>>> print(open('data.cif').read())   # mmCIF, C-alpha atoms and all ligand atoms
data_query
#
loop_
_atom_site.label_atom_id
_atom_site.label_comp_id
_atom_site.auth_asym_id
_atom_site.auth_seq_id
_atom_site.Cartn_x
_atom_site.Cartn_y
_atom_site.Cartn_z
CA MET A 389 54.34 69.06 72.21
CA LYS A 390 56.67 71.91 71.19
CA HIS A 391 57.28 73.64 74.52
CA LEU A 392 56.52 73.27 78.23
CA LEU A 393 55.19 76.72 79.12
CA LYS A 394 52.35 75.68 81.46
CA LEU A 395 50.52 72.43 82.22
CA SER A 396 47.23 73.63 80.74
CA ASP A 397 48.90 73.37 77.30
CA LEU A 398 49.30 69.59 77.78
CA SER A 399 46.64 66.89 77.43
CA SER A 400 46.16 64.29 80.16
CA GLU A 401 47.70 61.71 77.80
CA GLN A 402 50.81 63.87 77.26
CA ILE A 403 51.27 64.25 81.03
CA ILE A 404 51.00 60.48 81.57
CA GLU A 405 53.45 59.85 78.70
CA ILE A 406 55.99 62.15 80.38
CA LEU A 407 55.51 60.35 83.72
CA ASP A 408 55.94 56.94 82.07
CA LEU A 409 59.15 58.04 80.36
CA ALA A 410 60.35 59.62 83.62
CA ASP A 411 59.88 56.25 85.37
CA THR A 412 61.83 54.47 82.62
CA LEU A 413 64.69 56.98 82.75
CA LYS A 414 64.77 56.76 86.55
CA ASP A 415 64.92 52.97 86.39
CA GLU A 416 67.72 53.06 83.80
CA ASN A 417 69.57 55.64 85.88
CA LYS A 418 69.37 53.42 88.98
CA LYS A 419 70.66 50.43 86.99
CA GLY A 420 73.51 52.46 85.50
CA ILE A 421 72.15 52.09 81.96
CA GLU A 422 73.48 54.90 79.76
CA HIS A 423 70.84 56.84 77.82
CA HIS A 424 72.49 59.44 75.60
CA HIS A 425 69.31 60.56 73.84
CA LEU A 426 70.54 64.16 73.53
CA LYS A 427 74.11 63.63 72.41
CA GLY A 428 75.58 66.86 71.06
CA LYS A 429 72.60 69.02 72.18
CA THR A 430 72.90 72.13 74.34
CA LEU A 431 70.29 73.50 76.74
CA GLY A 432 70.52 77.16 77.79
CA MET A 433 69.29 77.81 81.33
CA ILE A 434 68.24 81.41 82.01
CA PHE A 435 67.78 82.30 85.69
CA THR A 436 66.56 85.67 86.93
CA LYS A 437 65.66 84.08 90.31
CA ALA A 438 67.61 81.83 92.69
CA SER A 439 67.54 78.04 92.41
CA THR A 440 69.09 74.92 93.90
CA ARG A 441 66.98 72.02 92.59
CA THR A 442 66.01 73.35 89.18
CA ARG A 443 69.49 74.39 88.18
CA VAL A 444 71.29 71.28 89.38
CA SER A 445 68.65 68.79 88.17
CA PHE A 446 68.56 70.30 84.67
CA GLU A 447 72.33 70.53 84.43
CA VAL A 448 72.99 66.98 85.64
CA GLY A 449 70.01 65.70 83.63
CA MET A 450 71.41 67.14 80.39
CA TYR A 451 74.82 65.62 81.18
CA GLN A 452 73.26 62.20 81.79
CA LEU A 453 71.44 62.48 78.45
CA GLY A 454 74.77 63.04 76.70
CA GLY A 455 74.22 66.76 76.19
CA ASN A 456 75.45 69.99 77.65
CA ALA A 457 73.84 72.73 79.78
CA LEU A 458 74.78 76.40 79.95
CA PHE A 459 73.95 78.45 83.05
CA LEU A 460 72.90 81.94 81.93
CA SER A 461 72.34 84.35 84.79
CA GLY A 462 69.84 87.11 84.01
CA ASN A 463 72.24 89.64 85.51
CA ASP A 464 75.03 88.66 83.14
CA LEU A 465 72.93 88.40 80.00
CA GLN A 466 72.12 91.59 78.10
CA ILE A 467 68.43 91.14 79.10
CA GLY A 468 69.62 92.41 82.49
CA ARG A 469 70.51 95.66 80.69
CA GLY A 470 67.25 95.87 78.78
CA GLU A 471 67.80 93.81 75.61
CA PRO A 472 64.29 92.70 74.61
CA ILE A 473 63.21 89.06 75.08
CA GLU A 474 62.18 89.06 71.41
CA ASP A 475 65.81 89.63 70.29
CA THR A 476 67.31 87.33 72.93
CA ALA A 477 64.97 84.57 71.71
CA ARG A 478 66.02 84.92 68.09
CA VAL A 479 69.74 85.04 68.89
CA LEU A 480 69.81 82.15 71.37
CA SER A 481 67.74 80.00 68.96
CA ARG A 482 70.71 80.07 66.59
CA PHE A 483 73.11 78.57 69.14
CA LEU A 484 71.05 76.36 71.41
CA ASP A 485 68.74 73.34 71.03
CA GLY A 486 66.43 74.37 73.87
CA ILE A 487 66.00 76.93 76.66
CA MET A 488 64.89 76.48 80.25
CA ILE A 489 63.92 79.81 81.83
CA ARG A 490 63.10 80.76 85.43
CA THR A 491 61.79 84.29 85.75
CA PHE A 492 59.00 86.50 87.08
CA LYS A 493 56.52 87.12 84.27
CA GLN A 494 54.80 84.25 82.48
CA ASP A 495 54.48 86.61 79.53
CA ASP A 496 58.28 86.65 79.10
CA VAL A 497 58.32 82.85 78.82
CA GLU A 498 55.49 82.89 76.28
CA LYS A 499 57.32 85.59 74.30
CA LEU A 500 60.52 83.56 74.27
CA ALA A 501 58.53 80.71 72.70
CA GLU A 502 56.80 83.03 70.24
CA TYR A 503 59.97 84.68 68.95
CA GLY A 504 62.40 81.79 69.29
CA SER A 505 62.51 78.70 67.10
CA ILE A 506 63.58 76.10 69.71
CA PRO A 507 61.70 74.39 72.57
CA ILE A 508 61.18 76.52 75.70
CA ILE A 509 60.75 75.01 79.17
CA ASN A 510 59.27 76.99 82.04
CA GLY A 511 61.46 76.50 85.12
CA LEU A 512 59.11 78.61 87.31
CA THR A 513 57.36 81.95 86.94
CA ASP A 514 55.14 83.86 89.35
CA TYR A 515 52.23 82.14 87.58
CA CYS A 516 53.26 78.48 87.51
CA HIS A 517 55.85 75.76 88.07
CA PRO A 518 55.06 72.92 85.65
CA CYS A 519 58.36 70.99 86.05
CA GLN A 520 57.81 70.74 89.79
CA VAL A 521 54.30 69.34 89.40
CA LEU A 522 55.43 66.69 86.89
CA ALA A 523 57.94 65.52 89.52
CA ASP A 524 55.20 65.70 92.18
CA LEU A 525 52.88 63.50 90.13
CA GLN A 526 55.70 61.04 89.45
CA THR A 527 56.32 60.86 93.22
CA ILE A 528 52.65 60.42 94.13
CA ARG A 529 52.28 57.59 91.61
CA GLU A 530 55.49 56.00 92.90
CA PHE A 531 54.27 55.96 96.52
CA LYS A 532 50.55 55.39 95.98
CA GLY A 533 50.65 53.19 92.88
CA LYS A 534 48.03 55.35 91.14
CA LEU A 535 46.84 58.93 90.63
CA GLU A 536 43.19 58.58 89.61
CA GLY A 537 40.75 59.19 92.47
CA LEU A 538 43.28 60.55 94.98
CA LYS A 539 42.68 63.80 96.86
CA LEU A 540 45.43 66.40 97.23
CA ALA A 541 45.08 69.17 99.82
CA PHE A 542 47.24 72.26 99.31
CA ILE A 543 47.61 74.37 102.44
CA GLY A 544 48.89 77.94 102.07
CA ASP A 545 49.39 80.58 99.42
CA GLY A 546 47.44 80.40 96.15
CA ASN A 547 50.76 80.83 94.32
CA ASN A 548 52.57 79.35 91.31
CA MET A 549 52.61 75.91 93.01
CA ALA A 550 48.88 76.00 93.78
CA ASN A 551 48.12 77.04 90.18
CA SER A 552 50.13 74.21 88.64
CA LEU A 553 48.94 71.60 91.15
CA ILE A 554 45.29 72.37 90.38
CA VAL A 555 45.84 71.89 86.65
CA GLY A 556 48.22 68.92 86.85
CA CYS A 557 46.35 66.93 89.49
CA ILE A 558 42.92 67.42 87.94
CA LYS A 559 44.23 66.45 84.48
CA VAL A 560 45.37 63.07 85.84
CA GLY A 561 42.06 62.35 87.61
CA MET A 562 42.76 63.64 91.12
CA SER A 563 40.69 66.11 93.12
CA VAL A 564 42.22 69.19 94.75
CA ALA A 565 41.26 71.14 97.85
CA ILE A 566 43.02 74.44 98.44
CA ALA A 567 43.05 76.10 101.88
CA CYS A 568 44.22 79.70 101.72
CA PRO A 569 43.42 82.92 103.57
CA LYS A 570 40.89 85.21 101.87
CA GLY A 571 42.70 87.39 99.35
CA TYR A 572 45.40 84.76 98.64
CA GLU A 573 43.42 82.56 96.25
CA PRO A 574 44.99 80.92 93.17
CA ASP A 575 44.65 82.44 89.68
CA ALA A 576 40.98 83.23 88.95
CA ASP A 577 40.89 81.55 85.52
CA ILE A 578 42.48 78.37 86.86
CA VAL A 579 39.96 78.33 89.73
CA LYS A 580 37.12 78.74 87.23
CA TRP A 581 38.48 75.84 85.17
CA GLY A 582 38.88 73.63 88.26
CA TYR A 583 35.31 74.32 89.36
CA ALA A 584 34.02 73.57 85.86
CA GLU A 585 35.83 70.21 86.01
CA GLY A 586 33.99 69.57 89.30
CA LYS A 587 37.25 68.59 90.99
CA LEU A 588 38.27 71.69 92.97
CA THR A 589 37.29 73.17 96.30
CA ILE A 590 38.66 76.36 97.82
CA THR A 591 38.24 77.09 101.50
CA ASP A 592 39.82 79.21 104.21
CA SER A 593 39.69 76.24 106.60
CA PRO A 594 42.88 74.10 106.49
CA LEU A 595 41.15 71.27 108.41
CA GLU A 596 38.28 71.19 105.94
CA ALA A 597 40.71 70.95 103.00
CA ALA A 598 42.84 68.26 104.69
CA GLN A 599 39.84 66.07 105.58
CA GLY A 600 40.27 62.72 103.80
CA ALA A 601 43.32 63.89 101.82
CA ASP A 602 45.74 61.31 100.41
CA VAL A 603 48.43 63.91 99.75
CA VAL A 604 49.09 67.10 101.73
CA TYR A 605 51.14 69.75 99.97
CA THR A 606 52.51 73.06 101.15
CA ASP A 607 54.91 75.79 100.03
CA VAL A 608 56.42 78.95 101.49
CA TRP A 609 54.14 81.85 102.44
CA ALA A 610 56.32 84.42 100.67
CA SER A 611 57.60 83.38 97.25
CA MET A 612 60.68 84.71 95.47
CA GLY A 613 60.06 88.38 94.74
CA GLN A 614 57.69 88.76 97.74
CA GLU A 615 60.38 89.04 100.42
CA GLY A 616 59.19 92.56 101.28
CA GLU A 617 55.75 91.17 102.21
CA ALA A 618 57.13 88.42 104.47
CA GLN A 619 56.01 90.11 107.70
CA ILE A 620 52.43 90.77 106.54
CA ARG A 621 52.19 87.30 105.08
CA ARG A 622 53.39 85.63 108.28
CA LYS A 623 50.34 87.18 109.98
CA ALA A 624 47.92 86.43 107.17
CA PHE A 625 48.95 82.76 107.03
CA GLU A 626 48.81 82.07 110.77
CA GLY A 627 47.01 78.74 111.19
CA PHE A 628 47.80 77.58 107.65
CA GLN A 629 50.46 75.19 108.88
CA VAL A 630 50.96 71.52 108.10
CA ASN A 631 51.27 70.04 111.59
CA ASP A 632 50.08 67.03 113.62
CA ALA A 633 46.57 68.46 114.11
CA LEU A 634 46.14 68.91 110.38
CA MET A 635 47.57 65.46 109.58
CA SER A 636 45.15 63.85 112.06
CA VAL A 637 42.18 64.45 109.73
CA THR A 638 43.83 63.11 106.55
CA ASN A 639 43.42 59.58 105.20
CA PRO A 640 45.62 56.97 106.92
CA GLY A 641 49.00 56.80 105.18
CA ALA A 642 48.64 60.28 103.70
CA MET A 643 51.80 61.62 102.04
CA VAL A 644 53.30 65.04 102.62
CA LEU A 645 55.02 66.86 99.78
CA HIS A 646 56.85 70.19 99.65
CA CYS A 647 58.53 71.65 96.58
CA LEU A 648 61.28 73.09 98.84
CA PRO A 649 62.93 75.23 100.08
CA ALA A 650 60.91 74.84 103.31
CA HIS A 651 60.54 77.28 106.20
CA ARG A 652 60.24 75.04 109.25
CA GLU A 653 57.67 76.12 111.86
CA GLU A 654 56.04 78.45 109.32
CA GLU A 655 54.16 76.51 106.62
CA ILE A 656 55.24 73.11 108.04
CA THR A 657 56.52 71.87 111.40
CA ALA A 658 60.00 70.32 111.49
CA LYS A 659 58.36 67.20 112.94
CA VAL A 660 55.98 66.62 110.04
CA LEU A 661 58.69 67.44 107.52
CA GLU A 662 61.13 64.94 109.03
CA GLU A 663 58.44 62.25 109.38
CA HIS A 664 57.82 62.57 105.63
CA ALA A 665 61.41 63.25 104.56
CA ASN A 666 61.56 60.08 102.46
CA GLU A 667 58.66 61.35 100.31
CA ILE A 668 59.83 64.97 100.18
CA PHE A 669 63.41 64.17 99.14
CA GLU A 670 62.32 61.53 96.63
CA GLU A 671 60.12 64.31 95.21
CA ALA A 672 63.21 66.53 94.95
CA GLU A 673 65.16 63.76 93.19
CA ASN A 674 62.28 63.19 90.78
CA ARG A 675 62.74 66.73 89.48
CA MET A 676 65.68 65.35 87.50
CA HIS A 677 63.93 62.25 86.18
CA ALA A 678 60.76 64.12 85.18
CA GLN A 679 62.73 66.91 83.50
CA LYS A 680 64.88 64.44 81.61
CA ALA A 681 61.64 63.01 80.21
CA VAL A 682 60.54 66.52 79.17
CA LEU A 683 63.95 67.18 77.58
CA VAL A 684 63.83 63.93 75.59
CA LYS A 685 60.26 64.65 74.42
CA LEU A 686 61.13 68.19 73.34
CA LEU A 687 64.75 68.08 72.16
CA LYS A 688 65.28 64.61 70.69
N1 LIG B 701 61.48 73.49 94.03
C1 LIG B 701 62.34 74.25 93.31
O1 LIG B 701 62.03 74.67 92.18
O2 LIG B 701 63.54 74.46 93.91
P1 LIG B 701 64.64 75.52 93.49
O3 LIG B 701 64.06 76.89 93.71
O4 LIG B 701 65.81 75.23 94.38
O5 LIG B 701 64.98 75.32 92.03
N1 LIG B 702 56.39 79.50 95.45
C1 LIG B 702 57.82 79.36 95.53
C2 LIG B 702 58.27 78.09 94.91
C3 LIG B 702 59.74 77.83 94.96
C4 LIG B 702 60.14 76.56 94.28
C5 LIG B 702 58.47 80.57 94.87
O1 LIG B 702 58.01 80.98 93.79
O2 LIG B 702 59.43 81.11 95.42
#
>>> encode(input="data.cif", output="structure tokens", more="lines below")
Ligand code: CP
Ligand code: NVA
Amino acid sequence: MKHLLKLSDLSSEQIIEILDLADTLKDENKKGIEHHHLKGKTLGMIFTKASTRTRVSFEVGMYQLGGNALFLSGNDLQIGRGEPIEDTARVLSRFLDGIMIRTFKQDDVEKLAEYGSIPIINGLTDYCHPCQVLADLQTIREFKGKLEGLKLAFIGDGNNMANSLIVGCIKVGMSVAIACPKGYEPDADIVKWGYAEGKLTITDSPLEAAQGADVVYTDVWASMGQEGEAQIRRKAFEGFQVNDALMSVTNPGAMVLHCLPAHREEEITAKVLEEHANEIFEEAENRMHAQKAVLVKLLK
């Protein structure tokens, strides 16, 4: 494993290895055991979109691993003034030990990896959010004791989260049902792959998707960069809400996860969110543990 650009680049075994290491690092962290695996290493963190969890969890994670993290805002870097990714990659590779990047185009992340000579970690693009799904899988395994055979229902937009959940969940032996309005389906190639694996269903009925689910997942209706479509999307996604009626058809003890930030009373009711707050905020915390595992695997 040289980079983390998207989950489809990883084997099932590599994903499980990351989750196992994430559990170990979390356990050591809770016990106050120091683990300076990345002493003297520096991670650059490029952000051309907002972030709370990703920025703080990577920065604190690097610190806990004995290394250093640099916040590099896209507006302040010369890429904001048109310097090509290809040049940025070659320059930053000479100073840093790894780069985490959050941006719009997946192609920019792939280019960074192609032209740079250090590990690149995708901290979210319009196409996928692999770090989030590693934390999600860690959380599901923590609460359910297993991954294999569980059903995850994703209710909402076929966005970066849906794309990564399909790949990540299926690779660890889960099945995935996506409920989205027509025209808001996940990436066509990922859907094709999921169907070929025999583990994916796509429907425009939220109740059908949630039937017998062990994990219910949702995300905002308008992602970063789609703020201008918020009004249209609010209409299109009417009925695609995680609420009591939807939860009543899931398996008993079903979990609810949300990558956050959440828009209460849009994609999820405040009631359901608060009833599952222990799962959702453990999920947020696990961003740090899962990413520390990725950092150790890539940078050590
Ligand atoms: N879930 C997530 O990636 O959160 P941030 O946008 O706050 O980083
Ligand atoms: N789909 C959301 C996820 C945020 C973590 C977005 O891209 O804005």
>>> closest_atom_pairs(input="data.cif", of="chain A", to="ligand LIG 702 (chain B)", cutoff="8 Å", atoms="all atoms listed in the file", output="Markdown table")
| residue | atom | partner | partner_atom | distance |
| --- | --- | --- | --- | --- |
| A:Ser439 | CA | B:LIG702 | C4 | 7.8 |
| A:Leu512 | CA | B:LIG702 | O1 | 7.0 |
| A:Thr513 | CA | B:LIG702 | O1 | 6.9 |
| A:Asp514 | CA | B:LIG702 | O1 | 6.0 |
| A:His517 | CA | B:LIG702 | C4 | 7.6 |
| A:Gln520 | CA | B:LIG702 | C4 | 7.7 |
| A:Asn547 | CA | B:LIG702 | N1 | 5.9 |
| A:Asn548 | CA | B:LIG702 | N1 | 5.6 |
| A:Met549 | CA | B:LIG702 | N1 | 5.8 |
| A:Asp607 | CA | B:LIG702 | N1 | 6.1 |
| A:Val608 | CA | B:LIG702 | N1 | 6.1 |
| A:Trp609 | CA | B:LIG702 | N1 | 7.7 |
| A:Ala610 | CA | B:LIG702 | O2 | 6.9 |
| A:Ser611 | CA | B:LIG702 | O2 | 3.4 |
| A:Met612 | CA | B:LIG702 | O2 | 3.8 |
| A:Gly613 | CA | B:LIG702 | O2 | 7.3 |
| A:Cys647 | CA | B:LIG702 | C4 | 5.7 |
| A:Leu648 | CA | B:LIG702 | C4 | 5.8 |
| A:Pro649 | CA | B:LIG702 | C3 | 6.6 |
>>> atom_distance(input="data.cif", atom1="atom CA of Met488 of chain A", atom2="atom CA of Gly449 of chain A")
12.4 Å
>>> residues_near_ligand(input="data.cif", ligand="ligand LIG 701 (chain B)", cutoff="12 Å", atoms="only C-alpha atoms and all ligand atoms", output="compact mmCIF listing (two decimals) with C-alpha atoms, in the coordinates of the input")
# COMPACT_ATOMS: atom_id res chain seq x y z
CA MET A 433 69.29 77.81 81.33
CA PHE A 435 67.78 82.30 85.69
CA THR A 436 66.56 85.67 86.93
CA LYS A 437 65.66 84.08 90.31
CA ALA A 438 67.61 81.83 92.69
CA SER A 439 67.54 78.04 92.41
CA THR A 440 69.09 74.92 93.90
CA ARG A 441 66.98 72.02 92.59
CA THR A 442 66.01 73.35 89.18
CA ARG A 443 69.49 74.39 88.18
CA VAL A 444 71.29 71.28 89.38
CA SER A 445 68.65 68.79 88.17
CA PHE A 446 68.56 70.30 84.67
CA GLU A 447 72.33 70.53 84.43
CA MET A 488 64.89 76.48 80.25
CA ILE A 489 63.92 79.81 81.83
CA ARG A 490 63.10 80.76 85.43
CA THR A 491 61.79 84.29 85.75
CA ASN A 510 59.27 76.99 82.04
CA GLY A 511 61.46 76.50 85.12
CA LEU A 512 59.11 78.61 87.31
CA THR A 513 57.36 81.95 86.94
CA ASP A 514 55.14 83.86 89.35
CA CYS A 516 53.26 78.48 87.51
CA HIS A 517 55.85 75.76 88.07
CA PRO A 518 55.06 72.92 85.65
CA CYS A 519 58.36 70.99 86.05
CA GLN A 520 57.81 70.74 89.79
CA VAL A 521 54.30 69.34 89.40
CA LEU A 522 55.43 66.69 86.89
CA ALA A 523 57.94 65.52 89.52
CA ASP A 524 55.20 65.70 92.18
CA ASN A 548 52.57 79.35 91.31
CA MET A 549 52.61 75.91 93.01
CA THR A 606 52.51 73.06 101.15
CA ASP A 607 54.91 75.79 100.03
CA VAL A 608 56.42 78.95 101.49
CA SER A 611 57.60 83.38 97.25
CA MET A 612 60.68 84.71 95.47
CA LEU A 645 55.02 66.86 99.78
CA HIS A 646 56.85 70.19 99.65
CA CYS A 647 58.53 71.65 96.58
CA LEU A 648 61.28 73.09 98.84
CA PRO A 649 62.93 75.23 100.08
CA ALA A 650 60.91 74.84 103.31
CA ILE A 668 59.83 64.97 100.18
CA PHE A 669 63.41 64.17 99.14
CA GLU A 671 60.12 64.31 95.21
CA ALA A 672 63.21 66.53 94.95
CA GLU A 673 65.16 63.76 93.19
CA ASN A 674 62.28 63.19 90.78
CA ARG A 675 62.74 66.73 89.48
CA MET A 676 65.68 65.35 87.50
CA GLN A 679 62.73 66.91 83.50
>>> closest_residue(input="data.cif", among="A:Leu413, A:Ala618, A:Met562, A:Val630", to="Ala658 of chain A", atoms="all atoms listed in the file")
A:Val630
>>> residues_around(input="data.cif", residues="segment 499-508 of chain A", least_positions_apart="3", cutoff="12 Å", atoms="all atoms listed in the file", output="PDB file with C-alpha atoms, in the frame of the given file")
ATOM      1  CA  MET A 389      54.340  69.060  72.210  1.00  0.00           C
ATOM      2  CA  LYS A 390      56.670  71.910  71.190  1.00  0.00           C
ATOM      3  CA  HIS A 391      57.280  73.640  74.520  1.00  0.00           C
ATOM      4  CA  LEU A 392      56.520  73.270  78.230  1.00  0.00           C
ATOM      5  CA  LEU A 393      55.190  76.720  79.120  1.00  0.00           C
ATOM      6  CA  LYS A 394      52.350  75.680  81.460  1.00  0.00           C
ATOM      7  CA  LYS A 429      72.600  69.020  72.180  1.00  0.00           C
ATOM      8  CA  THR A 430      72.900  72.130  74.340  1.00  0.00           C
ATOM      9  CA  LEU A 431      70.290  73.500  76.740  1.00  0.00           C
ATOM     10  CA  GLY A 432      70.520  77.160  77.790  1.00  0.00           C
ATOM     11  CA  MET A 433      69.290  77.810  81.330  1.00  0.00           C
ATOM     12  CA  ILE A 434      68.240  81.410  82.010  1.00  0.00           C
ATOM     13  CA  ILE A 467      68.430  91.140  79.100  1.00  0.00           C
ATOM     14  CA  PRO A 472      64.290  92.700  74.610  1.00  0.00           C
ATOM     15  CA  ILE A 473      63.210  89.060  75.080  1.00  0.00           C
ATOM     16  CA  GLU A 474      62.180  89.060  71.410  1.00  0.00           C
ATOM     17  CA  ASP A 475      65.810  89.630  70.290  1.00  0.00           C
ATOM     18  CA  THR A 476      67.310  87.330  72.930  1.00  0.00           C
ATOM     19  CA  ALA A 477      64.970  84.570  71.710  1.00  0.00           C
ATOM     20  CA  ARG A 478      66.020  84.920  68.090  1.00  0.00           C
ATOM     21  CA  VAL A 479      69.740  85.040  68.890  1.00  0.00           C
ATOM     22  CA  LEU A 480      69.810  82.150  71.370  1.00  0.00           C
ATOM     23  CA  SER A 481      67.740  80.000  68.960  1.00  0.00           C
ATOM     24  CA  ARG A 482      70.710  80.070  66.590  1.00  0.00           C
ATOM     25  CA  PHE A 483      73.110  78.570  69.140  1.00  0.00           C
ATOM     26  CA  LEU A 484      71.050  76.360  71.410  1.00  0.00           C
ATOM     27  CA  ASP A 485      68.740  73.340  71.030  1.00  0.00           C
ATOM     28  CA  GLY A 486      66.430  74.370  73.870  1.00  0.00           C
ATOM     29  CA  ILE A 487      66.000  76.930  76.660  1.00  0.00           C
ATOM     30  CA  MET A 488      64.890  76.480  80.250  1.00  0.00           C
ATOM     31  CA  ILE A 489      63.920  79.810  81.830  1.00  0.00           C
ATOM     32  CA  ARG A 490      63.100  80.760  85.430  1.00  0.00           C
ATOM     33  CA  THR A 491      61.790  84.290  85.750  1.00  0.00           C
ATOM     34  CA  LYS A 493      56.520  87.120  84.270  1.00  0.00           C
ATOM     35  CA  GLN A 494      54.800  84.250  82.480  1.00  0.00           C
ATOM     36  CA  ASP A 495      54.480  86.610  79.530  1.00  0.00           C
ATOM     37  CA  ASP A 496      58.280  86.650  79.100  1.00  0.00           C
ATOM     38  CA  GLY A 511      61.460  76.500  85.120  1.00  0.00           C
ATOM     39  CA  LEU A 512      59.110  78.610  87.310  1.00  0.00           C
ATOM     40  CA  VAL A 682      60.540  66.520  79.170  1.00  0.00           C
ATOM     41  CA  LEU A 683      63.950  67.180  77.580  1.00  0.00           C
ATOM     42  CA  VAL A 684      63.830  63.930  75.590  1.00  0.00           C
ATOM     43  CA  LYS A 685      60.260  64.650  74.420  1.00  0.00           C
ATOM     44  CA  LEU A 686      61.130  68.190  73.340  1.00  0.00           C
ATOM     45  CA  LEU A 687      64.750  68.080  72.160  1.00  0.00           C
ATOM     46  CA  LYS A 688      65.280  64.610  70.690  1.00  0.00           C
TER      47      LYS A 688
END
>>> atom_distance(input="data.cif", atom1="atom CA of Gln466 of chain A", atom2="atom CA of Gly616 of chain A")
26.6 Å
>>> closest_residue(input="data.cif", among="A:Lys539, A:Arg622, A:Lys570, A:Lys680", to="His425 of chain A", atoms="all atoms listed in the file")
A:Lys680
>>> atom_distance(input="data.cif", atom1="atom CA of Gly546 of chain A", atom2="atom CA of Ile406 of chain A")
25.6 Å
>>> closest_residue(input="data.cif", among="A:Lys559, A:Arg621, A:Lys419, A:Lys659", to="Val644 of chain A", atoms="all atoms listed in the file")
A:Lys659
>>> closest_residue(input="data.cif", among="A:Asp408, A:Ala642, A:Ala601, A:Gln452", to="Ile421 of chain A", atoms="all atoms listed in the file")
A:Gln452
>>> closest_residue(input="data.cif", among="A:Ala633, A:Val604, A:Ile404, A:Cys568", to="Leu540 of chain A", atoms="only C-alpha atoms")
A:Val604
>>> build_atoms(input="data.cif", residues="segment 650-662 of chain A", atoms="N, CA, C and O atoms", output="PDB file, in the frame of the given file")
ATOM      1  N   ALA A 650      61.934  74.792 102.272  1.00  0.00           N
ATOM      2  CA  ALA A 650      60.910  74.840 103.310  1.00  0.00           C
ATOM      3  C   ALA A 650      61.310  75.810 104.424  1.00  0.00           C
ATOM      4  O   ALA A 650      62.500  75.963 104.710  1.00  0.00           O
ATOM      5  N   HIS A 651      60.319  76.441 105.004  1.00  0.00           N
ATOM      6  CA  HIS A 651      60.540  77.280 106.200  1.00  0.00           C
ATOM      7  C   HIS A 651      59.913  76.551 107.375  1.00  0.00           C
ATOM      8  O   HIS A 651      58.701  76.634 107.589  1.00  0.00           O
ATOM      9  N   ARG A 652      60.750  75.838 108.115  1.00  0.00           N
ATOM     10  CA  ARG A 652      60.240  75.040 109.250  1.00  0.00           C
ATOM     11  C   ARG A 652      59.577  75.946 110.290  1.00  0.00           C
ATOM     12  O   ARG A 652      60.050  77.050 110.539  1.00  0.00           O
ATOM     13  N   GLU A 653      58.494  75.437 110.845  1.00  0.00           N
ATOM     14  CA  GLU A 653      57.670  76.120 111.860  1.00  0.00           C
ATOM     15  C   GLU A 653      56.878  77.294 111.263  1.00  0.00           C
ATOM     16  O   GLU A 653      56.168  77.978 111.987  1.00  0.00           O
ATOM     17  N   GLU A 654      56.993  77.536 109.967  1.00  0.00           N
ATOM     18  CA  GLU A 654      56.040  78.450 109.320  1.00  0.00           C
ATOM     19  C   GLU A 654      54.994  77.583 108.628  1.00  0.00           C
ATOM     20  O   GLU A 654      54.053  77.138 109.284  1.00  0.00           O
ATOM     21  N   GLU A 655      55.201  77.274 107.344  1.00  0.00           N
ATOM     22  CA  GLU A 655      54.160  76.510 106.620  1.00  0.00           C
ATOM     23  C   GLU A 655      54.125  75.036 107.020  1.00  0.00           C
ATOM     24  O   GLU A 655      53.131  74.346 106.754  1.00  0.00           O
ATOM     25  N   ILE A 656      55.200  74.534 107.646  1.00  0.00           N
ATOM     26  CA  ILE A 656      55.240  73.110 108.040  1.00  0.00           C
ATOM     27  C   ILE A 656      56.093  72.986 109.302  1.00  0.00           C
ATOM     28  O   ILE A 656      57.092  73.708 109.449  1.00  0.00           O
ATOM     29  N   THR A 657      55.687  72.080 110.209  1.00  0.00           N
ATOM     30  CA  THR A 657      56.520  71.870 111.400  1.00  0.00           C
ATOM     31  C   THR A 657      57.714  70.993 110.995  1.00  0.00           C
ATOM     32  O   THR A 657      57.618  70.181 110.060  1.00  0.00           O
ATOM     33  N   ALA A 658      58.808  71.158 111.738  1.00  0.00           N
ATOM     34  CA  ALA A 658      60.000  70.320 111.490  1.00  0.00           C
ATOM     35  C   ALA A 658      59.636  68.855 111.678  1.00  0.00           C
ATOM     36  O   ALA A 658      60.110  67.983 110.943  1.00  0.00           O
ATOM     37  N   LYS A 659      58.740  68.591 112.644  1.00  0.00           N
ATOM     38  CA  LYS A 659      58.360  67.200 112.940  1.00  0.00           C
ATOM     39  C   LYS A 659      57.685  66.544 111.738  1.00  0.00           C
ATOM     40  O   LYS A 659      58.067  65.452 111.325  1.00  0.00           O
ATOM     41  N   VAL A 660      56.679  67.209 111.185  1.00  0.00           N
ATOM     42  CA  VAL A 660      55.980  66.620 110.040  1.00  0.00           C
ATOM     43  C   VAL A 660      56.930  66.489 108.855  1.00  0.00           C
ATOM     44  O   VAL A 660      56.949  65.470 108.155  1.00  0.00           O
ATOM     45  N   LEU A 661      57.758  67.511 108.648  1.00  0.00           N
ATOM     46  CA  LEU A 661      58.690  67.440 107.520  1.00  0.00           C
ATOM     47  C   LEU A 661      59.625  66.234 107.663  1.00  0.00           C
ATOM     48  O   LEU A 661      59.811  65.461 106.716  1.00  0.00           O
ATOM     49  N   GLU A 662      60.182  66.050 108.842  1.00  0.00           N
ATOM     50  CA  GLU A 662      61.130  64.940 109.030  1.00  0.00           C
ATOM     51  C   GLU A 662      60.422  63.581 108.974  1.00  0.00           C
ATOM     52  O   GLU A 662      60.985  62.617 108.455  1.00  0.00           O
TER      53      GLU A 662
END
